[in-house]
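K.L.:
Hey, dropping my_file14.pdb in here, PDB, C-alpha atoms:
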```
MODEL        1
ATOM      1  CA  MET V   1     -18.675  -1.957   0.837
ATOM      2  CA  LEU V   2     -20.175  -5.227   2.076
ATOM      3  CA  ASN V   3     -17.640  -7.263   0.073
ATOM      4  CA  MET V   4     -14.735  -5.339   1.596
ATOM      5  CA  LYS V   5     -16.061  -5.843   5.129
ATOM      6  CA  LEU V   6     -16.691  -9.542   4.448
ATOM      7  CA  CYS V   7     -13.178 -10.060   3.030
ATOM      8  CA  ALA V   8     -11.580  -8.208   5.942
ATOM      9  CA  SER V   9     -13.639 -10.176   8.491
ATOM     10  CA  LEU V  10     -12.783 -13.535   6.903
ATOM     11  CA  ALA V  11      -9.089 -12.679   6.734
ATOM     12  CA  THR V  12      -9.072 -11.539  10.362
ATOM     13  CA  LEU V  13     -10.738 -14.780  11.453
ATOM     14  CA  ALA V  14      -8.231 -16.828   9.452
ATOM     15  CA  VAL V  15      -5.266 -15.043  11.034
ATOM     16  CA  MET V  16      -6.756 -15.404  14.525
ATOM     17  CA  ALA V  17      -7.414 -19.112  13.974
ATOM     18  CA  ALA V  18      -3.912 -19.707  12.649
ATOM     19  CA  ALA V  19      -2.059 -17.663  15.297
ATOM     20  CA  PRO V  20      -2.097 -20.303  18.092
ATOM     21  CA  CYS V  21      -0.736 -22.878  15.637
ATOM     22  CA  ALA V  22       2.239 -20.652  14.860
ATOM     23  CA  PHE V  23       3.751 -21.365  18.237
ATOM     24  CA  ALA V  24       3.229 -25.137  18.278
ATOM     25  CA  SER V  25       6.110 -27.537  17.543
ATOM     26  CA  ASP V  26       4.756 -28.099  14.007
ATOM     27  CA  LYS V  27       4.406 -24.468  13.066
ATOM     28  CA  LEU V  28       1.733 -23.596  10.553
ATOM     29  CA  ILE V  29       3.321 -20.133  10.318
ATOM     30  CA  ASP V  30       6.997 -19.349  10.841
ATOM     31  CA  HIS V  31       7.290 -15.753   9.537
ATOM     32  CA  ALA V  32       5.202 -12.599   9.587
ATOM     33  CA  SER V  33       5.675  -9.564   7.366
ATOM     34  CA  LEU V  34       4.564  -5.986   6.911
ATOM     35  CA  GLU V  35       4.862  -4.405   3.468
ATOM     36  CA  VAL V  36       4.207  -0.938   2.081
ATOM     37  CA  GLY V  37       4.211   0.025  -1.553
ATOM     38  CA  GLY V  38       3.137   2.462  -4.159
ATOM     39  CA  GLY V  39       2.446   2.800  -7.836
ATOM     40  CA  ALA V  40       0.851   5.284 -10.214
ATOM     41  CA  LYS V  41      -1.556   7.185  -7.916
ATOM     42  CA  VAL V  42      -2.067   4.145  -5.659
ATOM     43  CA  GLN V  43      -0.639   3.062  -2.302
ATOM     44  CA  MET V  44      -0.746  -0.301  -0.578
ATOM     45  CA  VAL V  45      -0.126  -1.716   2.897
ATOM     46  CA  ARG V  46      -0.044  -5.493   3.389
ATOM     47  CA  PHE V  47       0.234  -7.925   6.315
ATOM     48  CA  GLY V  48       1.364 -11.459   5.552
ATOM     49  CA  VAL V  49       2.206 -14.742   7.183
ATOM     50  CA  GLN V  50       4.594 -17.259   5.676
ATOM     51  CA  LYS V  51       5.519 -20.928   5.967
ATOM     52  CA  ASP V  52       8.958 -22.077   4.826
ATOM     53  CA  TRP V  53       8.987 -25.147   2.565
ATOM     54  CA  SER V  54      12.027 -26.599   4.383
ATOM     55  CA  GLN V  55      13.304 -27.932   1.055
ATOM     56  CA  ARG V  56      16.619 -27.266  -0.672
ATOM     57  CA  TRP V  57      17.090 -27.712  -4.397
ATOM     58  CA  PHE V  58      20.232 -27.220  -6.497
ATOM     59  CA  GLN V  59      22.424 -26.906  -3.394
ATOM     60  CA  SER V  60      25.928 -25.824  -4.408
ATOM     61  CA  ASN V  61      28.716 -23.518  -3.181
ATOM     62  CA  GLY V  62      26.866 -22.614   0.027
ATOM     63  CA  THR V  63      23.634 -21.609  -1.742
ATOM     64  CA  HIS V  64      20.374 -23.259  -2.735
ATOM     65  CA  ILE V  65      16.877 -22.636  -4.048
ATOM     66  CA  SER V  66      14.023 -22.982  -1.576
ATOM     67  CA  GLY V  67      10.779 -21.180  -0.998
ATOM     68  CA  TYR V  68       7.769 -20.457   1.131
ATOM     69  CA  TRP V  69       3.994 -20.045   1.075
ATOM     70  CA  ASP V  70       2.724 -16.507   1.596
ATOM     71  CA  ALA V  71      -0.834 -15.659   2.699
ATOM     72  CA  SER V  72      -1.663 -11.975   2.896
ATOM     73  CA  ILE V  73      -4.281  -9.312   3.339
ATOM     74  CA  ALA V  74      -3.727  -5.840   1.898
ATOM     75  CA  GLN V  75      -5.449  -2.515   1.584
ATOM     76  CA  TRP V  76      -5.047  -0.475  -1.615
ATOM     77  CA  ARG V  77      -5.895   3.221  -1.859
ATOM     78  CA  GLY V  78      -6.307   4.684  -5.312
ATOM     79  CA  ASN V  79      -6.052   8.467  -5.569
ATOM     80  CA  ALA V  80      -7.655   8.949  -9.000
ATOM     81  CA  TYR V  81     -10.813   6.828  -8.897
ATOM     82  CA  GLN V  82     -12.457   6.665 -12.345
ATOM     83  CA  ASN V  83      -9.600   8.867 -13.587
ATOM     84  CA  VAL V  84     -10.564  11.826 -11.334
ATOM     85  CA  ASP V  85      -7.638  13.192  -9.303
ATOM     86  CA  GLY V  86      -8.499  13.407  -5.618
ATOM     87  CA  GLN V  87     -11.283  10.794  -5.797
ATOM     88  CA  HIS V  88     -10.386   7.752  -3.711
ATOM     89  CA  GLN V  89     -10.989   4.045  -4.146
ATOM     90  CA  ASN V  90     -10.252   1.623  -1.298
ATOM     91  CA  ILE V  91      -9.805  -2.047  -2.124
ATOM     92  CA  THR V  92      -9.065  -5.011   0.131
ATOM     93  CA  ASN V  93      -6.886  -7.732  -1.388
ATOM     94  CA  ILE V  94      -6.525 -11.293  -0.102
ATOM     95  CA  GLY V  95      -3.678 -13.258  -1.655
ATOM     96  CA  PHE V  96      -1.924 -16.623  -1.609
ATOM     97  CA  THR V  97       1.464 -16.979  -3.306
ATOM     98  CA  PRO V  98       4.143 -19.673  -3.584
ATOM     99  CA  VAL V  99       7.550 -17.930  -3.643
ATOM    100  CA  PHE V 100      10.892 -19.365  -4.802
ATOM    101  CA  ARG V 101      14.023 -17.978  -3.167
ATOM    102  CA  PHE V 102      17.735 -18.248  -4.026
ATOM    103  CA  GLN V 103      19.634 -17.892  -0.752
ATOM    104  CA  ALA V 104      22.642 -18.929   1.334
ATOM    105  CA  ASP V 105      22.562 -22.283   3.116
ATOM    106  CA  ASP V 106      22.719 -20.592   6.537
ATOM    107  CA  LEU V 107      19.579 -18.567   5.555
ATOM    108  CA  THR V 108      21.313 -15.217   6.188
ATOM    109  CA  GLY V 109      22.645 -12.547   3.853
ATOM    110  CA  TRP V 110      21.446 -11.524   0.404
ATOM    111  CA  TYR V 111      18.710 -13.354  -1.494
ATOM    112  CA  GLY V 112      16.672 -13.084  -4.670
ATOM    113  CA  GLU V 113      13.091 -14.294  -5.000
ATOM    114  CA  ALA V 114      10.186 -14.585  -7.408
ATOM    115  CA  GLY V 115       6.576 -15.678  -7.035
ATOM    116  CA  ILE V 116       3.215 -15.768  -8.734
ATOM    117  CA  GLY V 117      -0.013 -16.243  -6.828
ATOM    118  CA  LEU V 118      -3.767 -15.812  -6.696
ATOM    119  CA  ASN V 119      -5.480 -12.672  -5.412
ATOM    120  CA  LEU V 120      -9.064 -11.669  -4.775
ATOM    121  CA  LEU V 121      -9.965  -7.978  -4.746
ATOM    122  CA  SER V 122     -13.014  -6.676  -2.864
ATOM    123  CA  LYS V 123     -14.029  -4.738  -6.009
ATOM    124  CA  ARG V 124     -12.727  -4.058  -9.485
ATOM    125  CA  TYR V 125      -9.840  -1.614  -9.687
ATOM    126  CA  ASP V 126     -10.594   1.626 -11.577
ATOM    127  CA  ASN V 127      -7.891   4.201 -10.935
ATOM    128  CA  ASP V 128      -5.799   6.644 -13.002
ATOM    129  CA  SER V 129      -6.854   5.219 -16.403
ATOM    130  CA  ASN V 130      -6.033   1.672 -15.217
ATOM    131  CA  TYR V 131      -8.957  -0.718 -15.057
ATOM    132  CA  LEU V 132      -9.065  -4.368 -13.980
ATOM    133  CA  SER V 133     -12.207  -6.027 -15.333
ATOM    134  CA  THR V 134     -12.252  -8.833 -12.745
ATOM    135  CA  ALA V 135     -11.914  -9.145  -8.975
ATOM    136  CA  PHE V 136      -9.726 -12.243  -9.432
ATOM    137  CA  GLN V 137      -6.113 -11.321 -10.217
ATOM    138  CA  PHE V 138      -2.732 -12.964 -10.530
ATOM    139  CA  GLY V 139       0.007 -11.248  -8.561
ATOM    140  CA  ASP V 140       3.608 -11.819  -9.572
ATOM    141  CA  HIS V 141       6.767 -10.314  -8.156
ATOM    142  CA  ILE V 142      10.538 -10.332  -8.369
ATOM    143  CA  GLY V 143      12.618  -9.014  -5.504
ATOM    144  CA  THR V 144      15.769  -8.973  -3.450
ATOM    145  CA  GLY V 145      16.551  -8.546   0.207
ATOM    146  CA  TYR V 146      18.807  -9.267   3.136
ATOM    147  CA  VAL V 147      18.284 -11.578   6.134
ATOM    148  CA  PHE V 148      20.125 -10.597   9.312
ATOM    149  CA  ALA V 149      21.483 -13.138  11.819
ATOM    150  CA  ASN V 150      18.755 -12.116  14.317
ATOM    151  CA  GLY V 151      15.984 -13.266  11.913
ATOM    152  CA  TRP V 152      14.930  -9.893  10.519
ATOM    153  CA  ASP V 153      14.444  -9.821   6.745
ATOM    154  CA  VAL V 154      14.249  -6.556   4.798
ATOM    155  CA  GLY V 155      13.551  -6.509   1.103
ATOM    156  CA  MET V 156      12.262  -4.707  -1.937
ATOM    157  CA  LYS V 157      10.239  -6.076  -4.835
ATOM    158  CA  ILE V 158       8.424  -5.067  -7.974
ATOM    159  CA  GLN V 159       4.903  -6.497  -8.039
ATOM    160  CA  HIS V 160       2.402  -6.674 -10.886
ATOM    161  CA  PHE V 161      -1.304  -7.552 -10.691
ATOM    162  CA  SER V 162      -3.412  -8.539 -13.706
ATOM    163  CA  ASN V 163      -5.934 -11.194 -14.715
ATOM    164  CA  GLY V 164      -3.566 -12.735 -17.241
ATOM    165  CA  GLY V 165      -5.552 -11.362 -20.168
ATOM    166  CA  TYR V 166      -8.574 -13.650 -19.833
ATOM    167  CA  LYS V 167     -10.935 -10.647 -19.750
ATOM    168  CA  LYS V 168     -10.482  -7.143 -21.170
ATOM    169  CA  PRO V 169      -9.708  -4.442 -20.242
ATOM    170  CA  ASN V 170      -6.698  -5.580 -18.263
ATOM    171  CA  SER V 171      -4.229  -2.725 -17.927
ATOM    172  CA  GLY V 172      -2.623  -4.135 -14.765
ATOM    173  CA  VAL V 173      -1.398  -2.468 -11.592
ATOM    174  CA  ASN V 174       2.281  -2.176 -10.613
ATOM    175  CA  PHE V 175       3.789  -1.528  -7.186
ATOM    176  CA  LEU V 176       7.261  -0.941  -5.796
ATOM    177  CA  VAL V 177       7.116  -2.660  -2.396
ATOM    178  CA  LEU V 178       9.304  -2.478   0.731
ATOM    179  CA  LYS V 179       9.098  -5.379   3.171
ATOM    180  CA  ALA V 180      10.099  -6.114   6.759
ATOM    181  CA  SER V 181       9.703  -9.698   7.948
ATOM    182  CA  ARG V 182      10.598 -11.604  11.106
ATOM    183  CA  THR V 183      11.170 -15.293  11.740
ATOM    184  CA  PHE V 184       9.731 -16.689  14.976
TER     185      PHE V 184
ENDMDL
END
```
Can you dump the structure from the file as structure tokens?
P.N.:
Amino acid sequence: MLNMKLCASLATLAVMAAAPCAFASDKLIDHASLEVGGGAKVQMVRFGVQKDWSQRWFQSNGTHISGYWDASIAQWRGNAYQNVDGQHQNITNIGFTPVFRFQADDLTGWYGEAGIGLNLLSKRYDNDSNYLSTAFQFGDHIGTGYVFANGWDVGMKIQHFSNGGYKKPNSGVNFLVLKASRTF
């Protein structure tokens, strides 16, 4: 419980410290997102802030590859703690992920993206016969979405968390995630 409160407090302080910088001419943050997702007997809600890389690679035919940094804090709720239906496990997750995105040059319309990042869980996941033996996890995703001309971005992704097999057991956790993001 103390770890979860400490993680949440540190993340809140980081967001509060970064918020004034988001509106300066050299923005530290240029997007904010809210995501909800679910998997096998687990739900997740996540708040994130992003910073565009402002780089364009392989520019051709009105498209390019670019990317952004994503820093997030999430809350997971398992509904079968220690494989007992109805028993709950709440976990706070802090993550940092570089994300590559294939998109149009005008930054609107359809896109595809993929990323792999580092995540720290407030405790080890033990839900519905899935067990993560470490609090440190890699989080990777692949997704698609649409950016409207007014700056709103809606998307969907499949996300997987695991420790990469460096400690067993490592059954992994999968989520289907819906995202709404806004450029400012």
K.L.:
Record the distance separating CA of Gln103 (chain V) and CA of Gln159 (chain V), expressed in Å with one decimal.
P.N.:
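These atoms are spaced 20.0 Å apart.
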K.L.:
One decimal, Å: what's the distance from CA of Trp152 (chain V) over to CA of Thr183 (chain V), could you say?
P.N.:
6.7 Å
K.L.:
Rounded to one decimal, what separation in Å do you get between CA of Lys179 (chain V) and CA of His88 (chain V)?
P.N.:
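CA of His88 (chain V) lies 24.5 Å from CA of Lys179 (chain V).
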K.L.:
Which one of V:Asn61, V:Ser129, V:Thr144, V:Gln137 sits closest to His160 (chain V) if you count only C-alpha atoms?
P.N.:
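Ranking V:Asn61, V:Ser129, V:Thr144, V:Gln137 by distance to His160 (chain V), first place goes to V:Gln137.
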K.L.:
Anything within 7 Å of (-5.4, -8.8, 4.2): list those residues as number ranges by chain, counting all atoms listed in the file and sticking to the file's coordinates.
P.N.:
V: 8, 11, 46-47, 72-75, 92-94
K.L.:
Go through the shown structure with the PyMOL selection byres ((chain V and resi 111) around 10) and write out the matching residues as a VMD selection string.
P.N.:
chain V and resid 63 65 101 to 104 107 to 110 112 to 113 143 to 147 153 155
K.L.:
Identify all residues satisfying the PyMOL selection byres ((chain V and resi 91) around 12) in the given file; provide them as a ChimeraX atom specification.
P.N.:
/V:1-5,7-8,42-46,73-79,81,88-90,92-94,119-127,135
K.L.:
Selected by the PyMOL selection byres ((chain V and resi 53) around 6) in the shown coordinates: which residues, as a VMD selection string?
P.N.:
chain V and resid 52 54 to 55 67 to 68
K.L.:
Closest to Gly86 (chain V) among V:Lys157, V:Lys27, V:Lys41, V:Arg182, using only C-alpha atoms?
P.N.:
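So, comparing all the options, the nearest one is V:Lys41.
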K.L.:
Give the answer as one residue: which of V:Met156, V:Gly164, V:Ile116, V:Lys51 has the shortest atom-to-atom distance to Thr134 (chain V), using all atoms listed in the file?
P.N.:
V:Gly164
K.L.:
Give the answer as one residue: which of V:Gln59, V:Asn150, V:Asn83, V:Ser66 has the shortest atom-to-atom distance to Phe184 (chain V), using all atoms listed in the file?
P.N.:
V:Asn150
K.L.:
Ranking V:Asp128, V:Phe96, V:Asp106, V:Pro169 by minimum distance to Gly62 (chain V) and counting all atoms listed in the file, which one comes first?
P.N.:
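For Gly62 (chain V), the nearest of the candidates is V:Asp106.
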K.L.:
Go through V:His64, V:Pro98, V:Gln87, V:Ser162 and flag the residue nearest Val49 (chain V), using only C-alpha atoms for the distances.
P.N.:
V:Pro98
